[in-house]
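Coordinates as given in query-v3.cif (mmCIF, C-alpha atoms):
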```cif
data_target
#
loop_
_atom_site.label_atom_id
_atom_site.label_comp_id
_atom_site.auth_asym_id
_atom_site.auth_seq_id
_atom_site.Cartn_x
_atom_site.Cartn_y
_atom_site.Cartn_z
CA MET A 1 103.78 -97.08 85.66
CA LEU A 2 103.97 -93.27 85.52
CA ILE A 3 105.90 -93.31 82.25
CA VAL A 4 103.41 -95.77 80.75
CA ALA A 5 100.54 -93.50 81.80
CA TYR A 6 102.09 -90.48 80.08
CA ILE A 7 102.78 -92.53 76.94
CA VAL A 8 99.14 -93.65 76.85
CA LEU A 9 97.92 -90.08 77.31
CA ALA A 10 100.24 -88.74 74.58
CA PHE A 11 99.21 -91.50 72.16
CA THR A 12 95.52 -90.82 72.79
CA ILE A 13 96.00 -87.10 72.13
CA LEU A 14 97.80 -88.01 68.89
CA GLN A 15 94.82 -90.18 67.90
CA LEU A 16 92.53 -87.22 68.51
CA LEU A 17 94.64 -84.96 66.30
CA VAL A 18 94.66 -87.53 63.49
CA ALA A 19 90.89 -88.00 63.84
CA LEU A 20 90.40 -84.24 63.68
CA MET A 21 92.53 -84.02 60.52
CA ASN A 22 90.33 -86.69 58.94
CA LEU A 23 87.31 -84.42 59.36
CA LEU A 24 88.89 -81.89 57.00
CA PRO A 25 87.77 -81.65 53.36
CA GLY A 26 91.04 -83.20 52.15
CA ALA A 27 90.00 -86.55 53.63
CA HIS A 28 86.96 -86.89 51.34
CA LEU A 29 86.29 -86.87 47.61
CA PRO A 30 85.14 -83.36 46.58
CA LYS A 31 81.61 -83.07 45.26
CA LYS A 32 82.51 -80.45 42.63
CA THR A 33 83.51 -81.81 39.24
CA VAL A 34 84.94 -80.56 35.97
CA LYS A 35 83.44 -82.03 32.81
CA HIS A 36 85.52 -84.82 31.33
CA HIS A 37 84.74 -87.36 28.64
CA ASN A 38 87.46 -89.94 29.23
CA LEU A 39 86.41 -93.56 28.95
CA VAL A 40 86.35 -95.28 32.36
CA SER A 41 86.58 -99.06 32.47
CA VAL A 42 84.70 -100.38 35.49
CA LEU A 43 86.17 -103.77 36.39
CA ILE A 44 84.32 -106.07 38.78
CA PRO A 45 85.76 -109.39 40.01
CA ALA A 46 82.85 -111.61 41.04
CA ARG A 47 82.72 -115.02 42.67
CA ASN A 48 79.31 -116.25 43.88
CA GLU A 49 77.84 -112.74 43.87
CA GLU A 50 74.30 -113.42 42.65
CA SER A 51 72.85 -111.40 45.56
CA ASN A 52 74.95 -108.31 44.69
CA ILE A 53 75.94 -108.23 41.03
CA GLY A 54 72.62 -107.05 39.65
CA THR A 55 72.46 -104.19 42.14
CA ILE A 56 75.91 -102.77 41.37
CA LEU A 57 75.29 -103.07 37.62
CA ARG A 58 72.05 -101.08 37.99
CA ASP A 59 73.93 -98.46 40.03
CA LEU A 60 76.50 -98.14 37.26
CA ALA A 61 73.83 -97.84 34.58
CA GLU A 62 72.31 -94.90 36.51
CA GLN A 63 75.57 -92.99 37.03
CA ASP A 64 75.65 -89.45 35.66
CA TYR A 65 79.04 -90.23 34.13
CA SER A 66 77.96 -92.38 31.19
CA ASN A 67 81.17 -92.88 29.20
CA ILE A 68 81.96 -96.20 30.81
CA GLU A 69 82.45 -99.82 29.90
CA ILE A 70 81.66 -102.47 32.50
CA LEU A 71 83.56 -105.76 32.56
CA VAL A 72 82.58 -108.47 35.05
CA PHE A 73 84.93 -111.38 35.66
CA ASP A 74 82.97 -114.46 36.70
CA ASP A 75 85.53 -116.30 38.82
CA GLN A 76 84.18 -119.86 38.57
CA SER A 77 80.99 -118.96 40.43
CA GLU A 78 78.73 -121.79 41.55
CA ASP A 79 75.58 -119.67 41.59
CA ARG A 80 73.65 -117.46 39.11
CA THR A 81 76.25 -114.68 38.86
CA ALA A 82 77.05 -115.27 35.16
CA GLU A 83 73.38 -115.67 34.24
CA ILE A 84 72.48 -112.32 35.81
CA VAL A 85 75.36 -110.52 34.08
CA ASP A 86 74.45 -112.07 30.72
CA ARG A 87 70.85 -110.94 31.08
CA MET A 88 71.83 -107.38 31.95
CA ALA A 89 74.46 -107.26 29.17
CA ALA A 90 71.72 -108.03 26.66
CA ALA A 91 69.96 -104.82 27.74
CA ASP A 92 73.08 -102.60 28.06
CA SER A 93 75.86 -102.86 25.48
CA ARG A 94 78.37 -101.33 27.93
CA ILE A 95 78.26 -104.51 30.07
CA ARG A 96 80.43 -107.51 29.19
CA LEU A 97 80.91 -110.86 30.92
CA VAL A 98 84.38 -112.39 31.12
CA THR A 99 84.52 -116.03 32.19
CA SER A 100 87.40 -117.63 34.09
CA GLU A 101 88.82 -120.85 32.73
CA SER A 102 91.13 -121.62 35.65
CA LEU A 103 93.17 -120.04 38.42
CA PRO A 104 96.89 -120.13 37.55
CA GLU A 105 99.41 -121.43 40.06
CA GLY A 106 100.69 -118.75 42.43
CA TRP A 107 97.73 -116.40 41.97
CA LEU A 108 94.93 -115.50 44.35
CA GLY A 109 91.52 -115.37 42.72
CA LYS A 110 90.76 -111.68 43.05
CA ASN A 111 94.23 -110.58 41.95
CA HIS A 112 94.01 -112.79 38.87
CA ALA A 113 90.54 -111.50 38.07
CA CYS A 114 91.65 -107.86 38.31
CA HIS A 115 94.75 -108.46 36.20
CA THR A 116 92.76 -110.30 33.52
CA LEU A 117 90.14 -107.55 33.37
CA SER A 118 92.83 -104.87 33.04
CA LYS A 119 94.17 -106.62 29.94
CA LEU A 120 90.74 -106.37 28.29
CA ALA A 121 89.91 -102.83 29.39
CA LYS A 122 90.05 -99.95 26.90
CA GLY A 123 89.54 -97.01 29.26
CA ASP A 124 91.71 -94.03 30.13
CA TYR A 125 90.92 -94.87 33.76
CA LEU A 126 90.41 -98.24 35.43
CA LEU A 127 87.96 -98.49 38.33
CA PHE A 128 88.11 -101.76 40.26
CA LEU A 129 84.91 -102.25 42.26
CA ASP A 130 83.78 -105.05 44.54
CA ALA A 131 80.39 -106.47 43.69
CA ASP A 132 78.94 -105.72 47.14
CA VAL A 133 79.55 -101.96 46.82
CA ARG A 134 76.73 -99.48 46.08
CA ILE A 135 77.50 -96.25 44.24
CA SER A 136 75.58 -93.04 43.47
CA ASN A 137 76.03 -89.25 43.39
CA ASN A 138 78.23 -89.24 40.25
CA ILE A 139 81.12 -90.80 42.14
CA ILE A 140 82.83 -91.85 38.90
CA GLY A 141 82.77 -88.32 37.52
CA ARG A 142 84.03 -86.99 40.85
CA ALA A 143 86.92 -89.49 40.79
CA VAL A 144 87.88 -88.54 37.22
CA SER A 145 87.96 -84.84 38.15
CA TYR A 146 89.98 -85.42 41.32
CA SER A 147 92.48 -87.69 39.60
CA TRP A 148 92.95 -85.22 36.73
CA LYS A 149 93.30 -82.21 39.06
CA HIS A 150 95.99 -83.79 41.24
CA GLY A 151 97.73 -86.04 38.68
CA LEU A 152 97.05 -89.20 40.68
CA THR A 153 98.00 -92.74 39.78
CA LEU A 154 95.53 -94.17 42.31
CA ILE A 155 92.49 -93.02 44.27
CA SER A 156 91.10 -95.45 46.82
CA ILE A 157 88.01 -94.89 48.94
CA PHE A 158 86.83 -96.61 52.10
CA PRO A 159 83.05 -96.83 51.58
CA LYS A 160 80.52 -95.72 54.13
CA GLN A 161 79.62 -98.97 55.90
CA ILE A 162 76.01 -100.08 56.17
CA ILE A 163 75.71 -101.51 59.69
CA SER A 164 72.46 -103.26 60.57
CA SER A 165 72.78 -106.23 62.93
CA TYR A 166 74.26 -106.11 66.41
CA GLY A 167 77.04 -108.42 65.25
CA GLU A 168 78.05 -105.73 62.75
CA LYS A 169 77.74 -102.94 65.32
CA PHE A 170 80.18 -104.80 67.59
CA THR A 171 82.77 -105.30 64.82
CA VAL A 172 82.61 -103.17 61.67
CA PRO A 173 83.39 -99.74 63.24
CA ASN A 174 86.79 -101.09 64.29
CA MET A 175 88.11 -100.80 60.74
CA ASN A 176 87.44 -97.06 60.64
CA TYR A 177 88.64 -96.58 64.21
CA ILE A 178 92.04 -98.09 63.41
CA LEU A 179 92.40 -96.32 60.06
CA LEU A 180 91.15 -92.87 61.04
CA SER A 181 92.98 -92.70 64.37
CA LEU A 182 96.36 -93.70 62.92
CA LEU A 183 96.43 -92.40 59.34
CA PRO A 184 95.88 -88.71 58.48
CA LEU A 185 94.24 -89.22 55.08
CA PRO A 186 95.10 -85.77 53.61
CA LEU A 187 98.79 -86.64 54.05
CA VAL A 188 98.49 -89.80 51.95
CA ARG A 189 98.31 -87.53 48.90
CA LYS A 190 100.51 -84.70 50.14
CA SER A 191 103.35 -86.67 51.76
CA GLY A 192 105.94 -88.88 50.13
CA PHE A 193 106.39 -91.10 53.21
CA VAL A 194 105.63 -94.73 52.34
CA SER A 195 104.28 -95.29 55.86
CA LEU A 196 101.46 -92.86 54.97
CA SER A 197 99.87 -95.27 52.51
CA ALA A 198 96.60 -97.16 52.46
CA ALA A 199 94.02 -98.42 50.01
CA ASN A 200 90.79 -100.39 49.95
CA GLY A 201 90.21 -102.95 47.22
CA GLN A 202 86.48 -102.19 47.23
CA PHE A 203 87.16 -98.99 45.24
CA MET A 204 90.49 -98.51 43.46
CA PHE A 205 90.60 -95.94 40.65
CA PHE A 206 93.76 -95.99 38.52
CA ARG A 207 95.07 -93.84 35.71
CA ALA A 208 95.20 -96.55 33.07
CA SER A 209 98.56 -95.59 31.55
CA ASP A 210 100.25 -95.95 34.95
CA TYR A 211 98.44 -99.18 35.74
CA ARG A 212 99.49 -100.77 32.44
CA ASN A 213 103.12 -99.80 32.99
CA ILE A 214 103.19 -101.21 36.53
CA GLU A 215 100.62 -104.07 36.42
CA PRO A 216 100.21 -103.93 40.21
CA HIS A 217 97.85 -106.88 40.57
CA SER A 218 100.39 -109.04 38.77
CA LEU A 219 103.14 -107.83 41.11
CA MET A 220 100.96 -108.71 44.11
CA ARG A 221 99.51 -111.87 42.59
CA GLY A 222 99.87 -113.95 45.78
CA ASN A 223 99.25 -111.20 48.33
CA LYS A 224 95.94 -111.49 50.21
CA VAL A 225 96.11 -107.82 51.25
CA GLU A 226 96.98 -106.62 47.77
CA ASP A 227 95.28 -103.23 48.11
CA ILE A 228 97.57 -101.96 50.87
CA ALA A 229 100.62 -103.59 49.24
CA ILE A 230 99.82 -101.83 45.96
CA SER A 231 99.48 -98.44 47.64
CA ARG A 232 102.86 -98.83 49.34
CA HIS A 233 104.53 -100.01 46.16
CA LEU A 234 103.23 -96.97 44.29
CA LYS A 235 104.45 -94.62 47.02
CA GLU A 236 107.87 -96.28 47.04
CA ASN A 237 108.13 -95.64 43.30
CA LYS A 238 107.13 -91.96 43.61
CA HIS A 239 103.60 -92.27 42.24
CA LYS A 240 100.96 -89.94 43.65
CA ILE A 241 98.07 -91.65 45.43
CA ALA A 242 95.10 -90.62 47.53
CA CYS A 243 93.16 -92.58 50.13
CA LEU A 244 89.82 -91.09 51.18
CA ALA A 245 86.92 -91.69 53.55
CA GLY A 246 83.59 -92.41 51.94
CA ASP A 247 80.32 -90.51 51.85
CA ALA A 248 76.79 -91.28 50.67
CA GLY A 249 78.16 -91.72 47.14
CA ILE A 250 79.70 -95.09 47.98
CA THR A 251 78.39 -97.55 50.54
CA CYS A 252 78.89 -101.19 51.37
CA ARG A 253 77.51 -103.81 53.71
CA MET A 254 80.58 -105.99 54.14
CA TYR A 255 79.32 -108.59 56.61
CA LYS A 256 75.97 -109.64 58.04
CA SER A 257 76.95 -111.43 61.25
CA TYR A 258 79.51 -111.32 64.05
CA ARG A 259 81.23 -114.52 62.97
CA GLU A 260 81.44 -113.41 59.33
CA ALA A 261 82.93 -110.05 60.37
CA VAL A 262 85.56 -111.61 62.63
CA LYS A 263 86.57 -114.02 59.87
CA GLY A 264 86.74 -111.24 57.27
CA PHE A 265 88.63 -108.66 59.31
CA SER A 266 91.10 -111.28 60.52
CA LYS A 267 92.30 -111.48 56.92
CA ASN A 268 93.68 -107.95 56.79
CA VAL A 269 93.76 -106.36 60.26
CA ILE A 270 97.52 -106.85 60.70
CA ALA A 271 98.22 -105.04 57.43
CA PHE A 272 96.99 -101.81 59.05
CA PHE A 273 99.98 -102.10 61.41
CA GLY A 274 102.65 -102.69 58.78
CA ASN A 275 102.14 -106.48 59.10
CA SER A 276 103.45 -106.36 62.66
CA PHE A 277 101.59 -108.49 65.21
CA PHE A 278 103.53 -106.70 67.96
CA LEU A 279 102.23 -103.27 66.92
CA ALA A 280 98.70 -104.63 66.50
CA VAL A 281 98.72 -106.13 70.00
CA MET A 282 100.22 -102.96 71.50
CA PHE A 283 97.53 -100.83 69.84
CA TRP A 284 94.83 -103.12 71.22
CA LEU A 285 96.31 -103.10 74.73
CA VAL A 286 96.70 -99.31 74.84
CA THR A 287 93.22 -98.57 73.47
CA THR A 288 91.57 -101.24 75.65
CA PHE A 289 93.41 -101.05 78.98
CA GLY A 290 95.25 -97.74 78.76
CA PHE A 291 92.84 -96.13 81.21
CA ILE A 292 94.26 -98.29 84.02
CA PRO A 293 97.79 -96.79 84.29
CA VAL A 294 96.34 -93.32 83.62
CA PHE A 295 93.83 -93.73 86.47
CA LEU A 296 96.38 -95.21 88.88
CA SER A 297 99.33 -92.89 88.19
CA LEU A 298 98.14 -89.47 87.00
CA PRO A 299 96.22 -86.68 88.75
CA VAL A 300 92.44 -86.82 88.52
CA SER A 301 92.42 -83.82 86.17
CA LEU A 302 94.66 -85.64 83.67
CA TYR A 303 92.55 -88.78 83.94
CA PHE A 304 89.43 -86.85 83.00
CA LEU A 305 91.40 -85.18 80.19
CA TYR A 306 92.35 -88.64 78.94
CA VAL A 307 88.71 -89.83 79.04
CA ALA A 308 87.53 -86.69 77.22
CA VAL A 309 90.21 -87.01 74.53
CA TYR A 310 89.53 -90.75 74.07
CA PHE A 311 85.80 -90.32 73.50
CA LEU A 312 86.19 -87.13 71.48
CA ALA A 313 88.43 -89.06 69.09
CA ARG A 314 85.74 -91.74 68.84
CA LEU A 315 83.17 -89.03 68.09
CA PHE A 316 85.30 -87.46 65.32
CA ILE A 317 85.96 -90.86 63.75
CA SER A 318 82.25 -91.69 63.78
CA LEU A 319 81.51 -88.37 62.06
CA SER A 320 84.18 -88.97 59.40
CA SER A 321 82.82 -92.48 58.83
CA CYS A 322 79.15 -91.39 58.72
CA GLN A 323 78.42 -93.87 61.53
CA ASN A 324 76.16 -93.78 64.57
CA ILE A 325 78.05 -91.79 67.24
CA ILE A 326 76.04 -92.99 70.25
CA GLU A 327 76.29 -96.67 69.34
CA ASN A 328 80.02 -96.41 68.61
CA ILE A 329 80.57 -94.97 72.09
CA ILE A 330 78.17 -97.22 74.00
CA PHE A 331 79.61 -100.35 72.39
CA VAL A 332 83.29 -99.47 73.00
CA PRO A 333 83.92 -102.47 75.34
CA LEU A 334 82.43 -104.91 72.82
CA LEU A 335 84.25 -103.27 69.92
CA GLN A 336 87.56 -103.61 71.77
CA PHE A 337 86.83 -107.25 72.56
CA SER A 338 86.14 -107.84 68.86
CA MET A 339 89.35 -106.11 67.84
CA GLY A 340 91.23 -108.53 70.07
CA ALA A 341 89.37 -111.38 68.38
CA PHE A 342 90.47 -110.11 64.95
CA ILE A 343 94.11 -110.07 66.00
CA TYR A 344 93.92 -113.45 67.74
CA ASN A 345 92.29 -115.10 64.73
CA ALA A 346 94.80 -113.46 62.38
CA PHE A 347 97.58 -115.06 64.45
CA LEU A 348 95.92 -118.49 64.27
CA ASN A 349 95.34 -118.16 60.52
CA LYS A 350 98.95 -117.25 59.86
CA TYR A 351 100.66 -119.89 61.96
CA PHE A 352 98.26 -122.78 62.51
CA LYS A 353 95.71 -123.07 59.71
CA LYS A 354 94.90 -122.13 56.15
CA TYR A 355 92.67 -119.12 55.65
CA GLN A 356 89.57 -119.84 53.56
CA TRP A 357 87.53 -117.27 51.65
CA LYS A 358 84.63 -118.15 49.33
CA GLY A 359 85.73 -121.77 49.24
CA ARG A 360 89.39 -121.15 48.45
CA SER A 361 92.53 -121.09 50.52
CA ILE A 362 94.18 -117.67 50.32
CA ASP A 363 97.34 -118.40 52.33
#
```
Go through the file and emit its structure as structure tokens.
Amino acid sequence: MLIVAYIVLAFTILQLLVALMNLLPGAHLPKKTVKHHNLVSVLIPARNEESNIGTILRDLAEQDYSNIEILVFDDQSEDRTAEIVDRMAAADSRIRLVTSESLPEGWLGKNHACHTLSKLAKGDYLLFLDADVRISNNIIGRAVSYSWKHGLTLISIFPKQIISSYGEKFTVPNMNYILLSLLPLPLVRKSGFVSLSAANGQFMFFRASDYRNIEPHSLMRGNKVEDIAISRHLKENKHKIACLAGDAGITCRMYKSYREAVKGFSKNVIAFFGNSFFLAVMFWLVTTFGFIPVFLSLPVSLYFLYVAVYFLARLFISLSSCQNIIENIIFVPLLQFSMGAFIYNAFLNKYFKKYQWKGRSID
């Protein structure tokens, strides 16, 4: 028990150090830009996105960086997605609707949509955006400058999450807690280790020449966590990538209920642990019940050190994520319960049932 207690304490201190590193400027997209005029192709896969597509297209139209083309892939939507895009394309010649005819065998819908859009894009850079993302503050111009300055094949950003309902407050912060306590984001760009890789399909900004040579969405055509797989593939092949935490320039409300969040996060939570259920369960056990061996086996002073380090890490992660610090600390027990639910449902989805998303099986 004593050895376990010291392991828990050491791991928690490591989490704090990683969280502190992710407060540094290198973990975020710089606000300063250098003027560039490269064409950026903004590529949006959309399936039943009538509630979001008009909003993101308006955001793009208002971006300071105006040398863009916007291609939307309507992936056999059953709502008004195509109608909305058509109407907005009539008012802005930069917008174009691409319609899906079918989903080829062996492909997942989003991967096929992204690959198809890349074949039609003319830009020097390719920005893949999810339809439920909101952008502002010249984020495209900032990405162009950062990519050019550091010679990057890929920049990916985890958006600032809009968290409204209690169901979201009990679930959504877990994604940032896992990411920002395990992965020092500045080292994703600076280190060549493949294990220091991550990406978020909500915002993936590629240098087009590299993308066209690699065709990463084609390589990962059947992978439901294609964003992380792509980042690791690029690192393995010596391409420079960056993964960053978001700011007010990019936001997203991913889910609107507890059930929706559990279902969504169950799709990709294991990928954060190298696709190892064992590591995911161990992380959950240590971060949920680690206080028990520390309390039972270590001196009181070390127990209080552990508690201080644990909650200080939570505070730093909330700051990096632009999330409510008090709520993220108060709701720790419920957040940990939800994390366990993600892992449990991921296990069920993998071994006992097909995973469904937007009416399609993605297993």
Exercise for the section: Would you mind listing what lies within 8 Å of range 234-250 of chain A as number ranges by chain, with all atoms listed in the file counted and same-chain residues fewer than 4 positions away left out? Expected result: A: 27-29, 133-139, 151-160, 185-186, 188-189, 192-194, 197-199, 230, 320-322
Problem - For Val18 in chain A: contacts at 7 Å, all atoms listed in the file, fewer than 6 positions along chain excluded, given as a PyMOL selection string - result: chain A and resi 180-184
Practice task
Go through A:Ile84, A:Ile13, A:Ile162, A:Val4 one by one, measure the shortest atom-to-atom distance of each to Tyr310 in chain A using all atoms listed in the file, and give the residue with the smallest value.
Solution key: A:Ile13
Suppose a student applies the PyMOL selection byres ((chain A and resi 93-100) around 6) to this structure; what residues should they get, written as a compact mmCIF listing (two decimals) with C-alpha atoms, keeping the file's coordinate frame?
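Wrote it out as out16.txt, contents follow:
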```
# COMPACT_ATOMS: atom_id res chain seq x y z
CA GLU A 69 82.45 -99.82 29.90
CA ILE A 70 81.66 -102.47 32.50
CA LEU A 71 83.56 -105.76 32.56
CA VAL A 72 82.58 -108.47 35.05
CA PHE A 73 84.93 -111.38 35.66
CA ASP A 74 82.97 -114.46 36.70
CA ASP A 75 85.53 -116.30 38.82
CA GLN A 76 84.18 -119.86 38.57
CA ALA A 89 74.46 -107.26 29.17
CA ASP A 92 73.08 -102.60 28.06
CA GLU A 101 88.82 -120.85 32.73
CA SER A 102 91.13 -121.62 35.65
```
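Between CA of Arg253 in chain A and CA of Ile56 in chain A the separation is 12.5 Å.
Residues selected in this file by the PyMOL selection byres ((chain A and resi 334-343) around 7) comprise Phe170, Thr171, Asn174, Val262, Phe265, Ser266, Val269, Trp284, Thr288, Phe331, Val332, Pro333, Tyr344, Asn345, Ala346 and Phe347 of chain A.
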Please rebuild range 279-307 of chain A with N, CA and C atoms and give the result as a compact mmCIF listing (two decimals), keeping the file's coordinate frame.
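File produced: result.txt:
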```txt
# COMPACT_ATOMS: atom_id res chain seq x y z
N LEU A 279 102.87 -104.59 66.92
CA LEU A 279 102.23 -103.27 66.92
C LEU A 279 100.71 -103.41 67.04
N ALA A 280 100.15 -104.42 66.41
CA ALA A 280 98.70 -104.63 66.50
C ALA A 280 98.29 -104.92 67.95
N VAL A 281 99.03 -105.79 68.60
CA VAL A 281 98.72 -106.13 70.00
C VAL A 281 98.91 -104.91 70.91
N MET A 282 99.98 -104.15 70.68
CA MET A 282 100.22 -102.96 71.50
C MET A 282 99.10 -101.94 71.33
N PHE A 283 98.64 -101.75 70.09
CA PHE A 283 97.53 -100.83 69.84
C PHE A 283 96.29 -101.29 70.60
N TRP A 284 96.01 -102.59 70.54
CA TRP A 284 94.83 -103.12 71.22
C TRP A 284 94.96 -102.95 72.74
N LEU A 285 96.13 -103.24 73.28
CA LEU A 285 96.31 -103.10 74.73
C LEU A 285 96.15 -101.65 75.18
N VAL A 286 96.76 -100.73 74.45
CA VAL A 286 96.70 -99.31 74.84
C VAL A 286 95.28 -98.78 74.74
N THR A 287 94.57 -99.11 73.65
CA THR A 287 93.22 -98.57 73.47
C THR A 287 92.18 -99.29 74.31
N THR A 288 92.52 -100.49 74.82
CA THR A 288 91.57 -101.24 75.65
C THR A 288 91.83 -101.02 77.14
N PHE A 289 93.08 -101.09 77.56
CA PHE A 289 93.41 -101.05 78.98
C PHE A 289 94.24 -99.83 79.38
N GLY A 290 94.42 -98.90 78.47
CA GLY A 290 95.25 -97.74 78.76
C GLY A 290 94.73 -96.87 79.89
N PHE A 291 93.42 -96.94 80.13
CA PHE A 291 92.84 -96.13 81.21
C PHE A 291 93.37 -96.56 82.58
N ILE A 292 93.84 -97.79 82.70
CA ILE A 292 94.26 -98.29 84.02
C ILE A 292 95.51 -97.56 84.52
N PRO A 293 96.64 -97.54 83.79
CA PRO A 293 97.79 -96.79 84.29
C PRO A 293 97.51 -95.29 84.41
N VAL A 294 96.67 -94.74 83.53
CA VAL A 294 96.34 -93.32 83.62
C VAL A 294 95.59 -93.05 84.91
N PHE A 295 94.62 -93.90 85.25
CA PHE A 295 93.83 -93.73 86.47
C PHE A 295 94.68 -93.91 87.73
N LEU A 296 95.60 -94.89 87.68
CA LEU A 296 96.38 -95.21 88.88
C LEU A 296 97.55 -94.25 89.11
N SER A 297 98.06 -93.62 88.05
CA SER A 297 99.33 -92.89 88.19
C SER A 297 99.23 -91.38 87.99
N LEU A 298 98.20 -90.89 87.31
CA LEU A 298 98.14 -89.47 87.00
C LEU A 298 97.11 -88.76 87.87
N PRO A 299 97.23 -87.45 88.01
CA PRO A 299 96.22 -86.68 88.75
C PRO A 299 94.83 -86.85 88.14
N VAL A 300 93.82 -86.64 88.96
CA VAL A 300 92.44 -86.82 88.52
C VAL A 300 92.14 -85.95 87.30
N SER A 301 92.68 -84.73 87.28
CA SER A 301 92.42 -83.82 86.17
C SER A 301 92.94 -84.40 84.85
N LEU A 302 94.12 -85.05 84.89
CA LEU A 302 94.66 -85.64 83.67
C LEU A 302 93.89 -86.90 83.27
N TYR A 303 93.37 -87.61 84.27
CA TYR A 303 92.55 -88.78 83.94
C TYR A 303 91.29 -88.36 83.20
N PHE A 304 90.64 -87.31 83.68
CA PHE A 304 89.43 -86.85 83.00
C PHE A 304 89.76 -86.25 81.64
N LEU A 305 90.96 -85.65 81.50
CA LEU A 305 91.40 -85.18 80.19
C LEU A 305 91.55 -86.37 79.24
N TYR A 306 92.18 -87.44 79.75
CA TYR A 306 92.35 -88.64 78.94
C TYR A 306 90.99 -89.18 78.48
N VAL A 307 90.04 -89.30 79.39
CA VAL A 307 88.71 -89.83 79.04
C VAL A 307 88.05 -88.94 77.98
```
